[in-house]
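Pasted below: my_file.tsv, TSV, C-alpha atoms.
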chain	number	residue	atom	x	y	z
A	197	MET	CA	71.30	107.84	94.61
A	198	PRO	CA	72.19	111.46	93.69
A	199	ASP	CA	70.20	112.64	90.69
A	200	SER	CA	73.28	113.69	88.75
A	201	ILE	CA	74.49	110.10	88.40
A	202	GLN	CA	73.23	108.29	85.30
A	203	VAL	CA	72.99	104.58	86.07
A	204	ARG	CA	73.05	101.99	83.28
A	205	ASP	CA	74.64	98.62	82.67
A	206	PRO	CA	78.29	99.21	83.61
A	207	VAL	CA	79.71	97.38	80.59
A	208	GLU	CA	77.53	99.35	78.21
A	209	ALA	CA	78.37	102.53	80.09
A	210	VAL	CA	82.08	101.91	79.52
A	211	ARG	CA	81.56	101.16	75.84
A	212	SER	CA	79.51	104.32	75.38
A	213	LEU	CA	82.50	106.33	76.60
A	214	ALA	CA	84.98	104.68	74.21
A	215	GLY	CA	85.52	107.70	71.99
A	216	LEU	CA	85.98	110.04	74.93
A	217	ILE	CA	88.37	107.74	76.77
A	218	GLU	CA	90.54	107.01	73.74
A	219	SER	CA	90.69	110.65	72.66
A	220	HIS	CA	92.00	111.75	76.08
A	221	ALA	CA	94.48	108.92	76.71
A	222	ALA	CA	97.52	110.96	75.66
A	223	GLU	CA	96.35	113.93	77.75
A	224	GLY	CA	96.05	111.66	80.78
A	225	GLU	CA	99.59	110.43	80.30
A	226	SER	CA	100.84	114.02	80.11
A	227	LEU	CA	98.91	115.07	83.22
A	228	ARG	CA	99.85	111.84	85.02
A	229	ARG	CA	96.23	111.47	86.10
A	230	LEU	CA	92.95	110.89	84.29
A	231	ALA	CA	91.98	113.81	82.08
A	232	PRO	CA	89.14	115.86	83.70
A	233	PRO	CA	86.58	115.06	80.97
A	234	VAL	CA	87.20	111.35	81.44
A	235	GLN	CA	87.00	111.53	85.24
A	236	ASP	CA	83.78	113.54	85.02
A	237	ALA	CA	82.20	111.07	82.59
A	238	LEU	CA	83.15	108.06	84.74
A	239	LEU	CA	81.63	109.72	87.79
A	240	LYS	CA	78.46	110.70	85.97
A	241	ALA	CA	78.00	107.13	84.72
A	242	GLY	CA	78.31	105.79	88.28
A	243	LEU	CA	81.34	103.69	87.38
A	244	PHE	CA	83.13	104.40	90.66
A	245	ARG	CA	80.07	102.96	92.47
A	246	MET	CA	80.02	99.46	91.02
A	247	LEU	CA	81.12	97.85	94.32
A	248	LEU	CA	79.54	100.40	96.66
A	249	PRO	CA	76.61	99.21	98.84
A	250	ARG	CA	73.19	100.11	97.47
A	251	GLU	CA	72.22	101.85	100.69
A	252	HIS	CA	74.92	104.44	99.98
A	253	GLY	CA	73.93	104.96	96.35
A	254	GLY	CA	76.01	102.13	94.92
A	255	LEU	CA	75.28	99.66	92.15
A	256	GLU	CA	76.47	96.61	94.12
A	257	ILE	CA	76.97	94.57	90.94
A	258	SER	CA	78.10	90.95	90.70
A	259	PRO	CA	81.83	90.13	90.51
A	260	SER	CA	81.43	88.79	86.96
A	261	THR	CA	79.83	92.03	85.77
A	262	PHE	CA	82.60	93.97	87.49
A	263	LEU	CA	85.19	91.83	85.71
A	264	ALA	CA	83.55	92.51	82.33
A	265	ALA	CA	83.33	96.26	82.94
A	266	ILE	CA	86.99	96.53	83.94
A	267	GLU	CA	88.07	94.47	80.94
A	268	ALA	CA	86.04	96.71	78.64
A	269	ALA	CA	87.72	99.79	80.12
A	270	ALA	CA	91.18	98.22	79.78
A	271	ARG	CA	90.66	97.67	76.06
A	272	LEU	CA	90.38	101.46	75.80
A	273	ASP	CA	92.91	102.68	78.37
A	274	GLY	CA	94.72	100.68	81.03
A	275	SER	CA	94.92	103.66	83.37
A	276	VAL	CA	91.15	104.13	83.31
A	277	ALA	CA	90.62	100.45	84.12
A	278	TRP	CA	93.19	100.61	86.90
A	279	CYS	CA	91.61	103.65	88.54
A	280	LEU	CA	88.14	102.14	88.29
A	281	CYS	CA	89.32	98.89	89.86
A	282	GLN	CA	91.16	100.67	92.64
A	283	GLY	CA	88.35	103.13	93.33
A	284	ASN	CA	85.74	100.40	93.43
A	285	GLY	CA	87.80	98.22	95.73
A	286	CYS	CA	88.09	101.18	98.08
A	287	ALA	CA	84.33	101.82	97.81
A	288	MET	CA	83.73	98.43	99.43
A	289	ILE	CA	84.68	100.11	102.72
A	290	GLY	CA	81.12	101.43	102.70
A	291	ALA	CA	79.98	97.98	103.79
A	292	TYR	CA	81.91	98.40	107.05
A	293	LEU	CA	80.78	101.89	108.03
A	294	ALA	CA	77.88	102.93	110.22
A	295	PRO	CA	74.93	103.98	107.99
A	296	GLU	CA	75.22	107.67	108.83
A	297	VAL	CA	78.96	107.67	108.09
A	298	GLY	CA	78.49	105.90	104.77
A	299	GLN	CA	75.84	108.44	103.84
A	300	HIS	CA	78.13	111.29	104.85
A	301	ILE	CA	80.99	110.04	102.68
A	302	PHE	CA	79.12	108.59	99.70
A	303	GLY	CA	75.37	109.14	99.88
A	304	GLY	CA	74.97	112.82	99.10
A	305	ASP	CA	78.06	113.39	96.99
A	306	PRO	CA	77.93	112.20	93.36
A	307	ARG	CA	81.68	112.77	93.04
A	308	ALA	CA	82.62	110.71	96.09
A	309	VAL	CA	85.68	108.52	95.52
A	310	VAL	CA	87.95	106.91	98.12
A	311	ALA	CA	91.62	106.17	97.48
A	312	TRP	CA	94.38	104.60	99.54
A	313	GLY	CA	97.66	102.77	99.25
A	314	PRO	CA	100.27	100.85	101.26
A	315	GLY	CA	102.89	102.46	103.44
A	316	LYS	CA	104.10	103.07	106.96
A	317	ALA	CA	101.60	104.68	109.29
A	318	GLU	CA	100.13	104.37	112.78
A	319	ALA	CA	96.96	105.31	114.64
A	320	ARG	CA	97.41	106.40	118.26
A	321	VAL	CA	94.38	106.21	120.52
A	322	VAL	CA	93.13	109.57	121.85
A	323	SER	CA	89.82	110.73	123.28
A	324	GLY	CA	87.09	110.28	120.67
A	325	GLY	CA	89.28	108.73	118.03
A	326	TYR	CA	92.85	108.41	116.81
A	327	ARG	CA	95.84	110.51	115.79
A	328	VAL	CA	97.11	109.15	112.48
A	329	THR	CA	100.63	109.72	111.16
A	330	GLY	CA	102.23	108.16	108.13
A	331	ARG	CA	103.21	108.25	104.50
A	332	LEU	CA	101.28	106.13	102.02
A	333	ALA	CA	102.22	105.23	98.45
A	334	PHE	CA	100.60	104.09	95.19
A	335	ALA	CA	97.36	105.95	95.89
A	336	SER	CA	95.92	105.38	92.42
A	337	GLY	CA	93.29	107.94	91.51
A	338	GLY	CA	93.96	109.79	94.74
A	339	ARG	CA	94.26	113.23	93.20
A	340	HIS	CA	90.63	112.92	92.07
A	341	ALA	CA	89.42	111.35	95.32
A	342	THR	CA	87.26	113.09	97.90
A	343	TRP	CA	88.37	110.84	100.78
A	344	LEU	CA	91.61	109.02	101.49
A	345	GLY	CA	92.34	106.09	103.73
A	346	CYS	CA	95.15	104.13	105.30
A	347	HIS	CA	95.40	100.70	106.89
A	348	VAL	CA	97.27	101.10	110.14
A	349	PRO	CA	98.12	99.35	113.41
A	350	VAL	CA	96.62	100.83	116.58
A	351	ILE	CA	98.83	102.06	119.40
A	352	GLU	CA	97.11	102.28	122.79
A	353	THR	CA	97.54	105.18	125.21
A	354	ASP	CA	100.17	103.16	127.10
A	355	GLY	CA	102.26	102.81	123.93
A	356	SER	CA	101.47	99.14	123.31
A	357	TYR	CA	100.01	97.72	120.12
A	358	ARG	CA	96.38	96.66	120.17
A	359	LEU	CA	96.35	92.93	119.59
A	360	GLY	CA	93.72	90.68	118.10
A	361	ARG	CA	92.59	87.31	119.36
A	362	ASP	CA	95.45	85.68	117.47
A	363	GLY	CA	98.02	87.83	119.24
A	364	THR	CA	98.97	89.91	116.19
A	365	PRO	CA	98.53	93.70	115.90
A	366	VAL	CA	95.05	94.82	114.90
A	367	GLN	CA	94.97	96.80	111.66
A	368	VAL	CA	92.22	99.35	111.16
A	369	THR	CA	91.25	101.47	108.17
A	370	ALA	CA	91.04	105.19	108.88
A	371	LEU	CA	89.22	107.53	106.49
A	372	PHE	CA	89.72	111.29	106.20
A	373	PRO	CA	89.02	114.06	103.67
A	374	GLN	CA	91.49	114.30	100.82
A	375	SER	CA	92.20	117.91	101.81
A	376	SER	CA	93.71	116.68	105.10
A	377	ALA	CA	96.70	115.11	103.37
A	378	ARG	CA	99.85	116.53	101.83
A	379	TRP	CA	100.54	115.16	98.37
A	380	ILE	CA	104.04	114.15	97.29
A	381	ASP	CA	104.69	114.00	93.54
A	382	THR	CA	106.32	110.59	93.02
A	383	TRP	CA	104.51	109.09	90.02
A	384	ASP	CA	107.28	109.24	87.42
A	385	VAL	CA	106.87	105.85	85.74
A	386	ILE	CA	106.84	104.12	82.36
A	387	GLY	CA	103.30	102.74	82.38
A	388	LEU	CA	99.83	103.34	83.80
A	389	CYS	CA	100.99	106.92	83.82
A	390	ALA	CA	97.50	108.43	84.05
A	391	THR	CA	96.65	106.68	87.31
A	392	GLY	CA	98.32	109.43	89.33
A	393	SER	CA	99.49	106.91	91.92
A	394	ASP	CA	101.37	109.45	94.02
A	395	ASP	CA	102.29	109.33	97.71
A	396	PHE	CA	100.48	111.28	100.40
A	397	GLU	CA	101.33	112.10	103.97
A	398	VAL	CA	99.41	112.92	107.15
A	399	ARG	CA	100.87	114.03	110.47
A	400	ASP	CA	99.10	113.80	113.80
A	401	LEU	CA	95.74	113.93	112.00
A	402	PHE	CA	92.70	113.45	114.21
A	403	VAL	CA	90.30	110.83	112.82
A	404	PRO	CA	87.08	110.26	114.79
A	405	ASP	CA	86.08	106.77	115.92
A	406	ALA	CA	83.19	106.72	113.44
A	407	HIS	CA	85.61	107.03	110.51
A	408	VAL	CA	87.71	104.06	111.58
A	409	THR	CA	86.76	100.44	110.94
A	410	ILE	CA	88.17	97.01	110.14
A	411	ARG	CA	87.68	95.66	106.61
A	412	ASP	CA	86.85	92.17	105.46
A	413	ARG	CA	85.58	90.89	108.79
A	414	ASP	CA	82.16	89.33	109.28
A	415	GLU	CA	81.85	90.94	112.69
A	416	THR	CA	82.43	94.47	111.39
A	417	ARG	CA	80.39	94.21	108.19
A	418	VAL	CA	77.22	96.33	108.27
A	419	SER	CA	75.85	95.79	104.75
A	420	ALA	CA	73.86	92.62	104.18
A	421	GLY	CA	74.64	92.30	100.46
A	422	ARG	CA	76.25	89.04	99.39
A	423	LEU	CA	78.87	91.00	97.43
A	424	PHE	CA	80.60	91.97	100.66
A	425	VAL	CA	81.22	88.37	101.59
A	426	MET	CA	83.95	88.73	98.95
A	427	PRO	CA	87.15	90.17	100.47
A	428	THR	CA	88.60	93.30	98.94
A	429	MET	CA	91.74	91.41	97.91
A	430	SER	CA	89.69	88.97	95.82
A	431	MET	CA	87.92	91.80	94.02
A	432	TYR	CA	91.21	93.58	93.37
A	433	ALA	CA	92.66	90.35	92.00
A	434	THR	CA	89.68	89.88	89.69
A	435	GLY	CA	89.74	93.49	88.45
A	436	PHE	CA	93.46	93.83	87.90
A	437	SER	CA	93.58	90.51	86.06
A	438	ALA	CA	90.75	91.77	83.86
A	439	THR	CA	92.82	94.91	83.30
A	440	ALA	CA	95.75	92.88	81.98
A	441	ILE	CA	93.50	90.72	79.81
A	442	GLY	CA	91.75	93.78	78.37
A	443	ILE	CA	95.04	95.48	77.50
A	444	ALA	CA	96.36	92.34	75.84
A	445	ARG	CA	93.12	91.91	73.89
A	446	ALA	CA	93.40	95.44	72.52
A	447	MET	CA	97.00	94.79	71.46
A	448	LEU	CA	96.09	91.49	69.81
A	449	ASP	CA	93.20	93.06	67.91
A	450	ALA	CA	95.48	95.87	66.75
A	451	LEU	CA	98.01	93.29	65.54
A	452	CYS	CA	95.33	91.59	63.44
A	453	ASP	CA	94.48	94.94	61.87
A	454	LEU	CA	98.15	95.61	61.17
A	455	ALA	CA	98.65	92.20	59.58
A	456	TYR	CA	96.43	93.06	56.61
A	457	SER	CA	98.42	96.16	55.69
A	458	LYS	CA	102.03	95.57	56.76
A	459	THR	CA	104.70	93.95	54.63
A	460	PRO	CA	107.84	93.87	56.76
A	461	ARG	CA	111.04	95.21	55.25
A	462	LEU	CA	112.81	92.59	53.10
A	463	ALA	CA	109.72	90.35	53.25
A	464	SER	CA	107.80	89.36	50.13
A	465	SER	CA	104.32	89.14	51.62
A	466	LYS	CA	102.06	90.77	54.15
A	467	LEU	CA	102.06	89.56	57.74
A	468	SER	CA	98.61	88.09	57.20
A	469	ASP	CA	100.05	85.71	54.60
A	470	ASN	CA	103.04	84.63	56.67
A	471	PRO	CA	102.60	81.06	58.07
A	472	VAL	CA	104.84	81.72	61.08
A	473	PHE	CA	102.86	84.83	61.95
A	474	GLN	CA	99.58	82.94	61.53
A	475	ALA	CA	100.71	80.27	63.99
A	476	GLU	CA	101.88	82.84	66.56
A	477	LEU	CA	98.58	84.67	66.25
A	478	ALA	CA	96.61	81.48	66.88
A	479	ARG	CA	98.69	80.64	69.94
A	480	CYS	CA	98.09	84.12	71.35
A	481	GLU	CA	94.37	83.83	70.74
A	482	ALA	CA	94.27	80.48	72.53
A	483	ARG	CA	96.28	81.80	75.48
A	484	LEU	CA	94.15	84.86	75.98
A	485	ARG	CA	90.81	83.15	75.54
A	486	SER	CA	91.84	80.36	77.90
A	487	ALA	CA	93.02	82.77	80.57
A	488	ARG	CA	89.85	84.82	80.32
A	489	ALA	CA	87.67	81.70	80.35
A	490	LEU	CA	89.35	80.39	83.50
A	491	LEU	CA	89.01	83.69	85.32
A	492	THR	CA	85.40	84.19	84.26
A	493	SER	CA	84.28	80.65	84.99
A	494	GLU	CA	85.92	80.58	88.41
A	495	VAL	CA	84.43	83.93	89.40
A	496	GLU	CA	80.96	82.94	88.18
A	497	ALA	CA	81.00	79.54	89.90
A	498	ILE	CA	82.30	80.95	93.16
A	499	TRP	CA	79.78	83.80	93.10
A	500	LYS	CA	76.94	81.33	92.58
A	501	ASP	CA	78.00	79.50	95.74
A	502	VAL	CA	78.35	82.75	97.68
A	503	VAL	CA	74.82	83.80	96.72
A	504	ARG	CA	73.52	80.39	97.79
A	505	THR	CA	75.46	79.96	101.05
A	506	GLY	CA	76.47	83.45	102.14
A	507	ARG	CA	80.02	82.22	102.64
A	508	LEU	CA	83.32	82.25	100.76
A	509	SER	CA	85.66	79.40	101.60
A	510	ILE	CA	89.42	79.74	101.88
A	511	THR	CA	89.72	77.26	99.00
A	512	ASP	CA	87.60	79.55	96.82
A	513	ARG	CA	89.78	82.52	97.73
A	514	TYR	CA	92.77	80.54	96.50
A	515	ARG	CA	90.90	79.65	93.30
A	516	ILE	CA	90.44	83.35	92.62
A	517	ARG	CA	94.09	84.06	93.36
A	518	LEU	CA	95.25	81.35	90.96
A	519	ALA	CA	92.92	82.34	88.12
A	520	ALA	CA	93.72	86.03	88.53
A	521	THR	CA	97.49	85.60	88.64
A	522	HIS	CA	97.36	83.19	85.71
A	523	GLY	CA	95.34	85.74	83.74
A	524	ILE	CA	97.88	88.48	84.34
A	525	HIS	CA	100.82	86.33	83.31
A	526	GLU	CA	99.15	84.89	80.22
A	527	ALA	CA	98.14	88.39	79.16
A	528	ARG	CA	101.72	89.54	79.55
A	529	THR	CA	102.97	86.65	77.40
A	530	VAL	CA	100.48	87.60	74.69
A	531	ALA	CA	101.54	91.24	74.88
A	532	GLU	CA	105.20	90.27	74.54
A	533	THR	CA	104.45	88.19	71.44
A	534	VAL	CA	102.33	90.96	69.92
A	535	TRP	CA	105.14	93.45	70.54
A	536	ASP	CA	107.64	91.21	68.78
A	537	GLN	CA	105.37	90.47	65.83
A	538	ALA	CA	104.46	94.14	65.28
A	539	GLY	CA	108.14	94.95	64.69
A	540	ALA	CA	109.23	98.56	64.38
A	541	THR	CA	105.60	99.67	64.13
A	542	ALA	CA	105.20	99.00	67.84
A	543	ILE	CA	107.90	101.40	69.01
A	544	ARG	CA	106.34	104.57	67.66
A	545	THR	CA	104.67	106.84	70.19
A	546	GLY	CA	100.95	106.83	69.54
A	547	SER	CA	100.90	103.38	67.94
A	548	PRO	CA	98.21	100.96	69.21
A	549	PHE	CA	101.00	99.01	70.93
A	550	GLU	CA	103.42	101.38	72.62
A	551	ARG	CA	101.34	102.73	75.54
A	552	ARG	CA	99.58	99.43	76.07
A	553	TYR	CA	102.86	97.53	76.24
A	554	ARG	CA	104.18	99.93	78.87
A	555	ASP	CA	100.90	99.62	80.77
A	556	ILE	CA	100.79	95.84	80.87
A	557	ARG	CA	104.41	95.60	81.95
A	558	THR	CA	103.53	97.95	84.80
A	559	VAL	CA	100.52	95.82	85.77
A	560	THR	CA	102.79	92.80	86.19
A	561	GLN	CA	105.06	94.66	88.61
A	562	GLN	CA	102.22	95.29	91.09
A	563	LEU	CA	101.34	92.99	93.98
A	564	GLN	CA	98.59	91.23	92.04
A	565	GLY	CA	101.04	90.14	89.33
A	566	ARG	CA	103.70	88.56	91.53
A	567	SER	CA	104.95	85.19	90.35
A	568	SER	CA	105.26	84.16	93.99
A	569	HIS	CA	101.47	83.76	94.08
A	570	PHE	CA	101.86	80.53	92.15
A	571	ARG	CA	104.08	79.15	94.91
A	572	THR	CA	101.59	80.31	97.54
A	573	VAL	CA	98.73	78.54	95.78
A	574	GLY	CA	100.82	75.43	95.19
A	575	ALA	CA	101.76	75.27	98.86
A	576	PHE	CA	98.09	75.52	99.86
A	577	LEU	CA	97.15	72.76	97.42
A	578	LEU	CA	99.77	70.56	99.08
A	579	GLY	CA	98.30	71.11	102.52
A	580	HIS	CA	100.48	73.90	103.87
A	581	PRO	CA	98.80	76.53	106.08
A	582	ALA	CA	96.80	79.20	104.26
A	583	ASP	CA	98.36	82.65	103.87
A	584	LEU	CA	95.30	84.91	103.95
A	585	SER	CA	97.34	88.07	103.39
A	586	VAL	CA	97.47	87.44	99.62
A	587	VAL	CA	93.99	86.03	99.01

Since I need it in another form, could you write the structure as structure tokens?
Amino acid sequence: MPDSIQVRDPVEAVRSLAGLIESHAAEGESLRRLAPPVQDALLKAGLFRMLLPREHGGLEISPSTFLAAIEAAARLDGSVAWCLCQGNGCAMIGAYLAPEVGQHIFGGDPRAVVAWGPGKAEARVVSGGYRVTGRLAFASGGRHATWLGCHVPVIETDGSYRLGRDGTPVQVTALFPQSSARWIDTWDVIGLCATGSDDFEVRDLFVPDAHVTIRDRDETRVSAGRLFVMPTMSMYATGFSATAIGIARAMLDALCDLAYSKTPRLASSKLSDNPVFQAELARCEARLRSARALLTSEVEAIWKDVVRTGRLSITDRYRIRLAATHGIHEARTVAETVWDQAGATAIRTGSPFERRYRDIRTVTQQLQGRSSHFRTVGAFLLGHPADLSVV
């Protein structure tokens, strides 16, 4: 691992940066990307390497430790947690690269970060590699990344799509230096503003064979670590649910602090002495603790089986999907209640509620927060065919 990276327990590393992260949150919102001092500190602490294979200088931590680290970051700043989750999910690509390629991208560069996002793109086969063209969106943390990627279908030299054994188009992941792309400023949003989730575009970009692979397949996985039995989607689900739970926890804690000092207009007592408020607070506490407990217990139990067997069943992937989606939605419900109970205090810019409320409402609009996941899980529980695209 490069000497400039200071490795410690990821959760403690996040907590040690609390003052720095919180003091630069407003600057990040203004810049629409993480403030440079925050990005530098996260890199130096190795926090973008939590899910990177050890052979490339990664920490290769357990999913439950990853969950705890992302939650800790989200209590401080949702955008920081989001970028860490996204960057670490992308770092898992190191498990599918030839050793020399992984070393080239990650091994000797302490600032190495990969970013990508969905969009329309294609990879046309040429001698020695592919020509990639497309526009990709929601590339969180991409402005700070050293490498970018895209997940694209392959078009053969005869113009036909490359098909897999199941008859559907093969999708590969192509990696290329960040400097190869043209950035498009699109991230004008209400929440998670500092993630810098802009679009980028490449046109007829040559990507060598060695920088193209297929993720989340046993046959293409190079790293032996048990962590990489977990599909990227499951780790994203875990991390983004932890992001929502962490944001909601920070809001709920701030509401408790407010309750001791605020007497609402026309009220005769402080919030802390109001029986209705007390009951709402208890319900929120129960919701959030229950959601976190389900997510944590499912991840820990599933990880124990993965370590023992070296396999992750489809049923376990659905367990993660259910716990993660449930966590996001319960966290949103808590945040909504906190917002209501805080009254006019919540609406002021710079309050402990305003940015966090915008952030958590933005989390719920992303793929991981879709309500349709409940239907997908329910269908699977009733014996319908598995939809592996969302688990």

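When all atoms listed in the file are used to measure the gap to A:Ala308, the shortest distance among A:Phe570, A:Phe402, A:Phe473, A:Phe244 belongs to A:Phe244.
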
message = Need the shell around A:Ala237: protein/DNA/RNA residues with any atom at most 10 Å away, counting only C-alpha atoms. Skip same-chain ones fewer than 4 positions apart. Format as a PyMOL selection string?
response = chain A and resi 201-202+209-210+213+216-217+232-233+241-243

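The spacing separating atom CA of A:Leu263 from atom CA of A:Ala497 amounts to 13.6 Å.
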
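Take the candidates A:Trp383, A:Tyr432, A:Phe334, A:Phe424 and check each one against A:Leu227 using all atoms listed in the file; the shortest distance goes to A:Trp383.
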
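Proximity to A:Val297 was assessed for A:Val408, A:Ala463, A:Ala270, A:Leu401 counting all atoms listed in the file; the smallest distance is recorded for A:Val408.
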
query = Using all atoms listed in the file, which residues sit within 8 Å of stretch 484-492 of chain A once same-chain residues fewer than 2 positions away are excluded, as a PyMOL selection string?
reply = chain A and resi 260+263+434+438+441+444-445+480-482+494-496+516+519-520+522-523+526-527+530

message = So that I can see what lies close to A:Met431, please list as a PyMOL selection string the residues with an atom at most 9 Å from it, counting all atoms listed in the file and leaving out residues fewer than 6 positions away in the same chain.
response = chain A and resi 259+262-263+281+284-285+516

Please produce an output containing C-alpha atoms for each residue in the selection, written as a short mmCIF file (atom, residue, chain, number, x, y, z; two decimals), in the frame of the given file.
data_model
loop_
_atom_site.label_atom_id
_atom_site.label_comp_id
_atom_site.auth_asym_id
_atom_site.auth_seq_id
_atom_site.Cartn_x
_atom_site.Cartn_y
_atom_site.Cartn_z
CA PRO A 259 81.83 90.13 90.51
CA PHE A 262 82.60 93.97 87.49
CA LEU A 263 85.19 91.83 85.71
CA CYS A 281 89.32 98.89 89.86
CA ASN A 284 85.74 100.40 93.43
CA GLY A 285 87.80 98.22 95.73
CA ILE A 516 90.44 83.35 92.62
#

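The protein and nucleic acid residues lying at most 10 Å from A:Gly298 are A:Leu248, A:Pro249, A:Glu251, A:His252, A:Gly253, A:Ala287, A:Ile289, A:Gly290, A:Ala291, A:Tyr292, A:Leu293, A:Ala294, A:Pro295, A:Glu296, A:His300, A:Ile301, A:Phe302, A:Gly303, A:Gly304, A:Ala406, A:His407, with only C-alpha atoms considered and sequence neighbours fewer than 2 positions away removed.
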
Any chance you could export the current selection's C-alpha atoms as a PDB file, in the coordinates of the input?
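Writing done, so here's selection-v4.pdb:
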ATOM      1  CA  LEU A 248      79.540 100.400  96.660  1.00  0.00           C
ATOM      2  CA  PRO A 249      76.610  99.210  98.840  1.00  0.00           C
ATOM      3  CA  GLU A 251      72.220 101.850 100.690  1.00  0.00           C
ATOM      4  CA  HIS A 252      74.920 104.440  99.980  1.00  0.00           C
ATOM      5  CA  GLY A 253      73.930 104.960  96.350  1.00  0.00           C
ATOM      6  CA  ALA A 287      84.330 101.820  97.810  1.00  0.00           C
ATOM      7  CA  ILE A 289      84.680 100.110 102.720  1.00  0.00           C
ATOM      8  CA  GLY A 290      81.120 101.430 102.700  1.00  0.00           C
ATOM      9  CA  ALA A 291      79.980  97.980 103.790  1.00  0.00           C
ATOM     10  CA  TYR A 292      81.910  98.400 107.050  1.00  0.00           C
ATOM     11  CA  LEU A 293      80.780 101.890 108.030  1.00  0.00           C
ATOM     12  CA  ALA A 294      77.880 102.930 110.220  1.00  0.00           C
ATOM     13  CA  PRO A 295      74.930 103.980 107.990  1.00  0.00           C
ATOM     14  CA  GLU A 296      75.220 107.670 108.830  1.00  0.00           C
ATOM     15  CA  HIS A 300      78.130 111.290 104.850  1.00  0.00           C
ATOM     16  CA  ILE A 301      80.990 110.040 102.680  1.00  0.00           C
ATOM     17  CA  PHE A 302      79.120 108.590  99.700  1.00  0.00           C
ATOM     18  CA  GLY A 303      75.370 109.140  99.880  1.00  0.00           C
ATOM     19  CA  GLY A 304      74.970 112.820  99.100  1.00  0.00           C
ATOM     20  CA  ALA A 406      83.190 106.720 113.440  1.00  0.00           C
ATOM     21  CA  HIS A 407      85.610 107.030 110.510  1.00  0.00           C
TER      22      HIS A 407
END

Find the spatial neighbours of A:Gly392, counting all atoms listed in the file, within a cut-off of 12 Å - ignore same-chain residues fewer than 2 positions away - and output them as a tab-separated table (two decimals) with C-alpha atoms, in the coordinates of the input.
chain	number	residue	atom	x	y	z
A	224	GLY	CA	96.05	111.66	80.78
A	225	GLU	CA	99.59	110.43	80.30
A	226	SER	CA	100.84	114.02	80.11
A	227	LEU	CA	98.91	115.07	83.22
A	228	ARG	CA	99.85	111.84	85.02
A	229	ARG	CA	96.23	111.47	86.10
A	230	LEU	CA	92.95	110.89	84.29
A	231	ALA	CA	91.98	113.81	82.08
A	275	SER	CA	94.92	103.66	83.37
A	276	VAL	CA	91.15	104.13	83.31
A	278	TRP	CA	93.19	100.61	86.90
A	279	CYS	CA	91.61	103.65	88.54
A	282	GLN	CA	91.16	100.67	92.64
A	311	ALA	CA	91.62	106.17	97.48
A	312	TRP	CA	94.38	104.60	99.54
A	313	GLY	CA	97.66	102.77	99.25
A	333	ALA	CA	102.22	105.23	98.45
A	334	PHE	CA	100.60	104.09	95.19
A	335	ALA	CA	97.36	105.95	95.89
A	336	SER	CA	95.92	105.38	92.42
A	337	GLY	CA	93.29	107.94	91.51
A	338	GLY	CA	93.96	109.79	94.74
A	339	ARG	CA	94.26	113.23	93.20
A	340	HIS	CA	90.63	112.92	92.07
A	341	ALA	CA	89.42	111.35	95.32
A	379	TRP	CA	100.54	115.16	98.37
A	380	ILE	CA	104.04	114.15	97.29
A	381	ASP	CA	104.69	114.00	93.54
A	382	THR	CA	106.32	110.59	93.02
A	383	TRP	CA	104.51	109.09	90.02
A	384	ASP	CA	107.28	109.24	87.42
A	385	VAL	CA	106.87	105.85	85.74
A	387	GLY	CA	103.30	102.74	82.38
A	388	LEU	CA	99.83	103.34	83.80
A	389	CYS	CA	100.99	106.92	83.82
A	390	ALA	CA	97.50	108.43	84.05
A	394	ASP	CA	101.37	109.45	94.02
A	395	ASP	CA	102.29	109.33	97.71
A	396	PHE	CA	100.48	111.28	100.40

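Proximity to A:Ala222 was assessed for A:Val234, A:Val503, A:Phe436, A:Arg571 counting all atoms listed in the file; the smallest distance is recorded for A:Val234.
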
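Computed from the coordinates, the atom CA of A:Gln561 to atom CA of A:Thr428 distance equals 19.5 Å.
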
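Note that atom CA of A:Arg358 and atom CA of A:Thr416 are 16.6 Å apart.
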
key: Counting all atoms listed in the file, the residue of A:Arg399, A:Lys316, A:His347, A:Arg551 that sits nearest A:Leu272   = A:Arg551

task = May I ask which of the residues A:Gly442, A:Ile498, A:Thr560, A:Thr505 is the closest one to A:Ser430, counting all atoms listed in the file?
result = A:Ile498

message = List as a PyMOL selection string the residues having at least one atom at most 7 Å from position (80.8, 95.5, 90.7) as given in the file, counting only C-alpha atoms.
response = chain A and resi 246-247+256-259+261-262
